[in-house]
Amino acid sequence: MRVEFEHLQAAHCENGVTTNLLKGVGANKLTEPLAFGIGSGLFFIYLPFLKINNGPAIAFRTQPGLIFKRTCKALGIPIVRKKFNSREEAQKVLDECLQSGKPVGCQVGVYYLTYFPKEYRFHFNAHNIIVFGKEGDRYLISDPVMETATSLSSYELERVRFAKGFLAPKGQLYYPKESKIVTDEQMRNGIRSGIKRNVRDMLYIPGSFAGVSGIRYTAKKIKKWKTKLGQHDAGLYLAQLVRMQEEIGTGGGGFRYIYGAFLQQAYQYHPVDTLPECSKLFTSAGDLWRSAAVQAAGIYKGRIGEQKDYDQMAEYLFEAADIEKKAFKALAKIKWKI
Amino acid sequence: MKKKDIPQDDGALNKITREICYAVDESGNYTTALSTGWEVKARALDIAWEDIKERIEQARLKVLNKEASPLLFFLEWRLMDIGILSQYTGLWKWQIKRHLRPSVFDKLPEKILKRYAEAFNITLEELKTMQVNEG
């Protein structure tokens, strides 16, 4: 059994699942950057009291699940979302959805995700895939970060749906409740409210750990890592930062480039010159994040490692923070006509 | 980033897929292209794994010196922390902390050991001997 569904690759799993599920129910013009922008996906947060894999906890995107939720809401598509206590029930509901012809989004952990290479399998529980069919004991899987569709046995799927730990998926599945033709006006409104919400999250979130001020906070921390942690652990911290920034699901250039692409596409709906101008700013912010990653790599490879090298890394982040601040201030000033 | 600058290095992920990257073309328009990997990222992942291997080795020595029970070894080997193990086994964190002491672990009933073996996806024999080959 195979439901009607087209696998499309994305740079980030939740963008991809959102785009691929909604394209099937009426949001024909939705693209990955539009889903990311309407869902206000761009973010930054450094959680100073939390450690992940013995390193710093840093995220470059909004909380898992929100991109899908916000995009569906903005486009007026009702969603169904379910968590389960019982594994049997979780499988039964999934099978029923497939039988009624619906592709289904599932939150999974990657530790036991058998088609991933071992090097990528950490206890990370906020990965998203789409199940779009079942043949014998194998479920057909569309993992948005993969070039082609794949499959998992029912045991393998159950194990990743019931992975444990931080953000445990608890068998969570979600899908659009019904098809609705999404109008251009809904797209326009979604883009506008998505940008406004992102301005708020990046500029006006309280505290110093998040948004643009969070980037500056992180830069200041990095300057102290060499003396505070010592060469070896500082290298580990930097490697972790780079993995959080550039790892699978953020696609090389990271979320700043996707946001740049979003603003260009948004211009098709709102002919305001600020949008392409800010797109350029996000491209240069993305470039600075990459320069920072190259600098960090120099340190963890042991090629460089003096205090001035840490300072230079912090400098890239300060610059990126300034550019992002400038861009969001400009976006905040847009006089929306429609 | 310009499209022509998208790195095409090797990486662990390249065994199964290439990744989509967003970048600008010559006229400044955003487009996507596939990347086989980026050396900067690949090295970061290597560093993380070198650290994990080091931790596993240290845990193994601690167990052999009777400073910790085999649970410590398997925690590191499965990249878990006590919180994750507690969720997989249904045991309290304070219980697991106690079971990390060799003297307590040695007296654990089979029933509890089985829960640990299941959580680590290994056999009882492997749990007691730390002899594991599977990755």
# chains A, B, ... in the order shown; residues from 1 in each chain; ligands from 1

call {"tool": "residues_around", "arguments": {"residues": "range 156-162 of chain A", "least_positions_apart": "5", "cutoff": "8 Å", "atoms": "only C-alpha atoms", "output": "PyMOL selection string"}}
result
chain A and resi 87+91+106-114+139+168-172

call {"tool": "write_last_selection", "arguments": {"atoms": "N, CA and C atoms", "output": "mmCIF file, in the first residue's frame"}}
result
data_model
loop_
_atom_site.group_PDB
_atom_site.id
_atom_site.type_symbol
_atom_site.label_atom_id
_atom_site.label_comp_id
_atom_site.auth_asym_id
_atom_site.auth_seq_id
_atom_site.Cartn_x
_atom_site.Cartn_y
_atom_site.Cartn_z
ATOM 1 N N ARG A 87 2.382 1.380 22.299
ATOM 2 C CA ARG A 87 3.041 1.198 21.003
ATOM 3 C C ARG A 87 2.090 0.600 19.970
ATOM 4 N N GLN A 91 0.954 2.268 16.338
ATOM 5 C CA GLN A 91 1.058 1.645 15.014
ATOM 6 C C GLN A 91 -0.311 1.558 14.337
ATOM 7 N N CYS A 106 6.028 11.976 11.285
ATOM 8 C CA CYS A 106 6.360 11.346 12.570
ATOM 9 C C CYS A 106 7.602 11.998 13.161
ATOM 10 N N GLN A 107 7.549 12.260 14.469
ATOM 11 C CA GLN A 107 8.749 12.693 15.174
ATOM 12 C C GLN A 107 9.516 11.447 15.612
ATOM 13 N N VAL A 108 10.815 11.404 15.364
ATOM 14 C CA VAL A 108 11.598 10.217 15.723
ATOM 15 C C VAL A 108 12.939 10.591 16.343
ATOM 16 N N GLY A 109 13.533 9.625 17.045
ATOM 17 C CA GLY A 109 14.898 9.775 17.546
ATOM 18 C C GLY A 109 15.858 9.212 16.512
ATOM 19 N N VAL A 110 17.068 9.772 16.422
ATOM 20 C CA VAL A 110 17.969 9.284 15.376
ATOM 21 C C VAL A 110 18.921 8.190 15.853
ATOM 22 N N TYR A 111 18.960 7.926 17.176
ATOM 23 C CA TYR A 111 19.971 6.980 17.660
ATOM 24 C C TYR A 111 19.830 5.596 17.016
ATOM 25 N N TYR A 112 18.602 5.140 16.854
ATOM 26 C CA TYR A 112 18.391 3.827 16.243
ATOM 27 C C TYR A 112 17.874 3.920 14.803
ATOM 28 N N LEU A 113 18.081 5.090 14.189
ATOM 29 C CA LEU A 113 17.618 5.238 12.806
ATOM 30 C C LEU A 113 18.601 4.521 11.885
ATOM 31 N N THR A 114 18.197 3.310 11.448
ATOM 32 C CA THR A 114 19.165 2.384 10.862
ATOM 33 C C THR A 114 19.778 2.863 9.548
ATOM 34 N N TYR A 139 7.768 -0.099 6.245
ATOM 35 C CA TYR A 139 7.125 1.196 6.030
ATOM 36 C C TYR A 139 7.960 2.023 5.052
ATOM 37 N N ALA A 168 11.617 13.378 24.021
ATOM 38 C CA ALA A 168 11.168 12.046 23.603
ATOM 39 C C ALA A 168 9.899 12.158 22.756
ATOM 40 N N PRO A 169 9.894 11.506 21.571
ATOM 41 C CA PRO A 169 8.764 11.705 20.651
ATOM 42 C C PRO A 169 7.440 11.099 21.116
ATOM 43 N N LYS A 170 7.476 10.075 21.985
ATOM 44 C CA LYS A 170 6.252 9.409 22.455
ATOM 45 C C LYS A 170 5.325 9.019 21.295
ATOM 46 N N GLY A 171 5.925 8.536 20.244
ATOM 47 C CA GLY A 171 5.133 8.057 19.105
ATOM 48 C C GLY A 171 4.410 9.126 18.329
ATOM 49 N N GLN A 172 4.779 10.382 18.583
ATOM 50 C CA GLN A 172 4.008 11.484 18.010
ATOM 51 C C GLN A 172 3.874 11.415 16.482
#

call {"tool": "interface_residues", "arguments": {"of": "chain A", "to": "chain B", "cutoff": "8 Å", "atoms": "only C-alpha atoms", "output": "ChimeraX atom specification"}}
result
/A:9-11,53,115-120,122-123,145-147,164-166,236,239-240,242-243,246-248,251-253,257-258,260-261,264,283-284,286-287,293-294,297,300-301

call {"tool": "write_last_selection", "arguments": {"atoms": "N, CA and C atoms", "output": "CSV table (one decimal), in the first residue's frame"}}
result
chain,number,residue,atom,x,y,z
A,9,GLN,N,13.6,16.6,-1.5
A,9,GLN,CA,14.7,16.8,-0.5
A,9,GLN,C,14.7,18.2,0.0
A,10,ALA,N,15.0,18.4,1.3
A,10,ALA,CA,15.1,19.7,1.9
A,10,ALA,C,16.4,19.8,2.7
A,11,ALA,N,16.7,21.1,3.0
A,11,ALA,CA,18.0,21.3,3.8
A,11,ALA,C,17.7,20.9,5.3
A,53,ASN,N,25.6,16.2,25.2
A,53,ASN,CA,26.8,15.4,24.9
A,53,ASN,C,28.0,16.1,25.5
A,115,TYR,N,19.1,3.7,8.8
A,115,TYR,CA,19.7,4.1,7.5
A,115,TYR,C,20.7,5.3,7.7
A,116,PHE,N,20.8,5.9,8.8
A,116,PHE,CA,21.8,6.9,9.1
A,116,PHE,C,23.1,6.3,9.3
A,117,PRO,N,24.2,6.9,8.9
A,117,PRO,CA,25.5,6.4,9.2
A,117,PRO,C,25.8,6.4,10.7
A,118,LYS,N,26.5,5.5,11.3
A,118,LYS,CA,26.7,5.4,12.7
A,118,LYS,C,27.2,6.7,13.3
A,119,GLU,N,28.1,7.4,12.6
A,119,GLU,CA,28.7,8.7,13.1
A,119,GLU,C,27.6,9.7,13.4
A,120,TYR,N,26.5,9.6,12.8
A,120,TYR,CA,25.4,10.6,13.0
A,120,TYR,C,24.4,10.3,14.0
A,122,PHE,N,23.2,10.1,17.3
A,122,PHE,CA,23.2,10.5,18.7
A,122,PHE,C,21.8,10.4,19.3
A,123,HIS,N,21.7,10.7,20.6
A,123,HIS,CA,20.3,10.6,21.2
A,123,HIS,C,19.6,12.0,20.9
A,145,VAL,N,15.9,15.0,4.5
A,145,VAL,CA,17.3,15.3,4.3
A,145,VAL,C,18.0,14.4,3.3
A,146,MET,N,17.3,13.3,2.9
A,146,MET,CA,17.9,12.3,2.1
A,146,MET,C,17.5,12.6,0.6
A,147,GLU,N,18.4,12.2,-0.3
A,147,GLU,CA,18.1,12.4,-1.7
A,147,GLU,C,16.9,11.6,-2.2
A,164,LYS,N,13.8,7.4,23.8
A,164,LYS,CA,13.7,8.1,25.1
A,164,LYS,C,14.7,9.2,25.2
A,165,GLY,N,14.5,10.0,26.2
A,165,GLY,CA,15.4,11.1,26.5
A,165,GLY,C,14.8,12.5,26.3
A,166,PHE,N,15.6,13.5,26.2
A,166,PHE,CA,15.2,14.9,26.0
A,166,PHE,C,14.4,15.0,24.7
A,236,LEU,N,36.8,20.9,22.0
A,236,LEU,CA,35.5,20.1,22.0
A,236,LEU,C,34.3,21.0,21.9
A,239,ALA,N,34.0,22.4,18.5
A,239,ALA,CA,33.5,21.4,17.5
A,239,ALA,C,32.0,21.2,17.7
A,240,GLN,N,31.6,21.2,19.0
A,240,GLN,CA,30.1,21.0,19.2
A,240,GLN,C,29.3,22.2,18.6
A,242,VAL,N,30.2,24.1,16.1
A,242,VAL,CA,30.1,23.9,14.6
A,242,VAL,C,29.1,22.8,14.2
A,243,ARG,N,29.1,21.8,15.0
A,243,ARG,CA,28.1,20.7,14.6
A,243,ARG,C,26.7,21.2,14.8
A,246,GLU,N,26.2,23.7,11.7
A,246,GLU,CA,26.3,23.3,10.3
A,246,GLU,C,25.9,21.8,10.0
A,247,GLU,N,25.5,21.2,11.1
A,247,GLU,CA,25.2,19.7,11.0
A,247,GLU,C,24.0,19.5,10.1
A,248,ILE,N,23.9,18.2,9.7
A,248,ILE,CA,22.7,17.7,8.9
A,248,ILE,C,21.4,18.4,9.4
A,251,GLY,N,21.9,22.1,6.7
A,251,GLY,CA,22.4,22.3,5.3
A,251,GLY,C,23.5,23.2,5.1
A,252,GLY,N,24.8,22.9,5.4
A,252,GLY,CA,25.9,23.6,5.1
A,252,GLY,C,25.9,25.1,5.4
A,253,GLY,N,25.3,25.9,4.6
A,253,GLY,CA,25.2,27.4,4.8
A,253,GLY,C,24.4,27.7,6.0
A,257,TYR,N,21.1,31.3,5.3
A,257,TYR,CA,20.9,31.3,3.8
A,257,TYR,C,19.5,31.0,3.5
A,258,ILE,N,18.9,30.0,4.2
A,258,ILE,CA,17.5,29.7,3.9
A,258,ILE,C,16.6,30.9,4.2
A,260,GLY,N,17.6,34.0,3.8
A,260,GLY,CA,17.9,34.9,2.7
A,260,GLY,C,17.0,34.5,1.5
A,261,ALA,N,16.9,33.2,1.3
A,261,ALA,CA,16.1,32.7,0.1
A,261,ALA,C,14.6,33.0,0.4
A,264,GLN,N,13.8,36.6,-0.5
A,264,GLN,CA,13.7,36.8,-2.0
A,264,GLN,C,12.4,36.3,-2.5
A,283,THR,N,22.6,36.8,3.7
A,283,THR,CA,23.6,36.1,3.0
A,283,THR,C,25.0,36.4,3.6
A,284,SER,N,25.2,37.7,3.9
A,284,SER,CA,26.6,38.0,4.5
A,284,SER,C,26.6,37.5,5.9
A,286,GLY,N,25.3,34.7,7.0
A,286,GLY,CA,25.6,33.3,6.8
A,286,GLY,C,27.1,33.1,6.5
A,287,ASP,N,27.6,34.0,5.6
A,287,ASP,CA,29.0,33.9,5.3
A,287,ASP,C,29.9,34.1,6.5
A,293,ALA,N,33.1,29.2,11.6
A,293,ALA,CA,33.2,27.8,11.6
A,293,ALA,C,34.6,27.4,11.1
A,294,VAL,N,35.1,28.0,10.1
A,294,VAL,CA,36.5,27.8,9.6
A,294,VAL,C,37.5,28.1,10.7
A,297,ALA,N,37.4,25.5,13.3
A,297,ALA,CA,38.1,24.3,12.8
A,297,ALA,C,39.6,24.4,13.0
A,300,TYR,N,40.2,23.6,16.6
A,300,TYR,CA,40.1,22.2,17.1
A,300,TYR,C,41.0,21.3,16.3
A,301,LYS,N,41.5,21.7,15.1
A,301,LYS,CA,42.5,20.9,14.4
A,301,LYS,C,43.9,21.1,14.9

call {"tool": "residues_around", "arguments": {"residues": "Phe318 in chain A", "least_positions_apart": "3", "cutoff": "7 Å", "atoms": "only C-alpha atoms", "output": "CSV table (one decimal) with C-alpha atoms, in the first residue's frame"}}
result
chain,number,residue,atom,x,y,z
A,216,ARG,CA,26.8,38.4,21.4
A,219,ALA,CA,30.9,35.5,21.4
A,314,ALA,CA,34.2,36.1,18.7
A,315,GLU,CA,34.7,39.0,16.3
A,321,ALA,CA,25.0,39.7,15.4
A,322,ASP,CA,25.3,43.3,14.1

call {"tool": "residues_around", "arguments": {"residues": "range 16-24 of chain A", "least_positions_apart": "3", "cutoff": "8 Å", "atoms": "only C-alpha atoms", "output": "VMD selection string"}}
result
chain A and resid 5 to 13 27 to 32 35 67 to 68 71 to 72 103 to 105 128 to 130 144 to 145 175 to 176 179

call {"tool": "closest_residue", "arguments": {"among": "B:Glu118, B:Glu110, B:Glu126, B:Glu54", "to": "Glu76 in chain B", "atoms": "only C-alpha atoms"}}
result
B:Glu54

call {"tool": "closest_residue", "arguments": {"among": "A:Ala285, A:Pro271, A:Tyr237, A:Ile45", "to": "Ile205 in chain A", "atoms": "only C-alpha atoms"}}
result
A:Ile45

call {"tool": "atom_distance", "arguments": {"atom1": "CA of Val104 in chain B", "atom2": "CA of Val132 in chain B"}}
result
22.6 Å

call {"tool": "select_by_dssp", "arguments": {"residues": "range 46-254 of chain A", "states": "strand (DSSP E or B)", "output": "ChimeraX atom specification"}}
result
/A:46-52,55-61,79-82,104-108,127-135,138-142,150-153,173-176,210

call {"tool": "closest_residue", "arguments": {"among": "A:Lys73, A:Phe49, A:Gln265, A:Lys326", "to": "Met202 in chain A", "atoms": "only C-alpha atoms"}}
result
A:Lys326

call {"tool": "select_by_dssp", "arguments": {"residues": "chain B", "states": "helix (DSSP H, G or I)", "output": "VMD selection string"}}
result
chain B and resid 3 to 5 12 to 15 39 to 64 70 to 77 82 to 89 93 to 99 102 to 106 110 to 120 124 to 129

call {"tool": "residues_around", "arguments": {"residues": "Lys196 in chain A", "least_positions_apart": "6", "cutoff": "12 Å", "atoms": "only C-alpha atoms", "output": "ChimeraX atom specification"}}
result
/A:37-42,189-190,202-204,328-336

call {"tool": "residues_around", "arguments": {"residues": "Glu178 in chain A", "least_positions_apart": "6", "cutoff": "9 Å", "atoms": "only C-alpha atoms", "output": "number ranges by chain"}}
result
A: 25, 77-79

call {"tool": "write_last_selection", "arguments": {"atoms": "N, CA and C atoms", "output": "PDB file, in the first residue's frame"}}
result
ATOM      1  N   VAL A  25      -1.933  18.965   0.162  1.00  0.00           N
ATOM      2  CA  VAL A  25      -3.313  19.290   0.558  1.00  0.00           C
ATOM      3  C   VAL A  25      -3.734  20.702   0.137  1.00  0.00           C
ATOM      4  N   ILE A  77      -4.756  25.686   7.509  1.00  0.00           N
ATOM      5  CA  ILE A  77      -4.909  24.231   7.349  1.00  0.00           C
ATOM      6  C   ILE A  77      -4.969  23.586   8.736  1.00  0.00           C
ATOM      7  N   PRO A  78      -6.105  22.974   9.083  1.00  0.00           N
ATOM      8  CA  PRO A  78      -6.210  22.351  10.404  1.00  0.00           C
ATOM      9  C   PRO A  78      -5.327  21.114  10.495  1.00  0.00           C
ATOM     10  N   ILE A  79      -4.733  20.872  11.657  1.00  0.00           N
ATOM     11  CA  ILE A  79      -3.858  19.707  11.792  1.00  0.00           C
ATOM     12  C   ILE A  79      -4.334  18.769  12.903  1.00  0.00           C
TER      13      ILE A  79
END

call {"tool": "residues_around", "arguments": {"residues": "Leu94 in chain A", "least_positions_apart": "2", "cutoff": "10 Å", "atoms": "only C-alpha atoms", "output": "JSON list (two decimals) with C-alpha atoms, in the first residue's frame"}}
result
[["chain", "number", "residue", "atom", "x", "y", "z"],
["A", 88, "GLU", "CA", 0.27, -0.97, 19.53],
["A", 89, "GLU", "CA", -2.09, 1.99, 19.43],
["A", 90, "ALA", "CA", 0.61, 4.15, 17.81],
["A", 91, "GLN", "CA", 1.06, 1.64, 15.01],
["A", 92, "LYS", "CA", -2.69, 1.10, 14.60],
["A", 96, "GLU", "CA", -5.32, 3.61, 9.60],
["A", 97, "CYS", "CA", -4.03, 6.94, 8.28],
["A", 98, "LEU", "CA", -2.11, 5.21, 5.52],
["A", 99, "GLN", "CA", -5.16, 3.13, 4.65],
["A", 102, "LYS", "CA", -2.83, 10.12, 4.02],
["A", 103, "PRO", "CA", 0.92, 10.55, 4.31],
["A", 104, "VAL", "CA", 1.83, 11.05, 7.98],
["A", 105, "GLY", "CA", 4.55, 13.08, 9.69],
["A", 106, "CYS", "CA", 6.36, 11.35, 12.57],
["A", 131, "VAL", "CA", 5.59, 7.70, 6.36],
["A", 132, "PHE", "CA", 3.82, 7.27, 3.03],
["A", 133, "GLY", "CA", 3.10, 3.58, 2.65],
["A", 171, "GLY", "CA", 5.13, 8.06, 19.10],
["A", 173, "LEU", "CA", 2.43, 11.71, 14.58],
["A", 174, "TYR", "CA", 0.80, 14.63, 12.78]]

call {"tool": "atom_distance", "arguments": {"atom1": "CA of Arg61 in chain A", "atom2": "CA of Phe44 in chain A"}}
result
6.1 Å

call {"tool": "atom_distance", "arguments": {"atom1": "CA of Gly136 in chain A", "atom2": "CA of Asn121 in chain B"}}
result
25.3 Å

call {"tool": "closest_residue", "arguments": {"among": "B:Arg60, B:Glu26, B:Asp10, B:Ala33", "to": "Gln131 in chain B", "atoms": "only C-alpha atoms"}}
result
B:Arg60
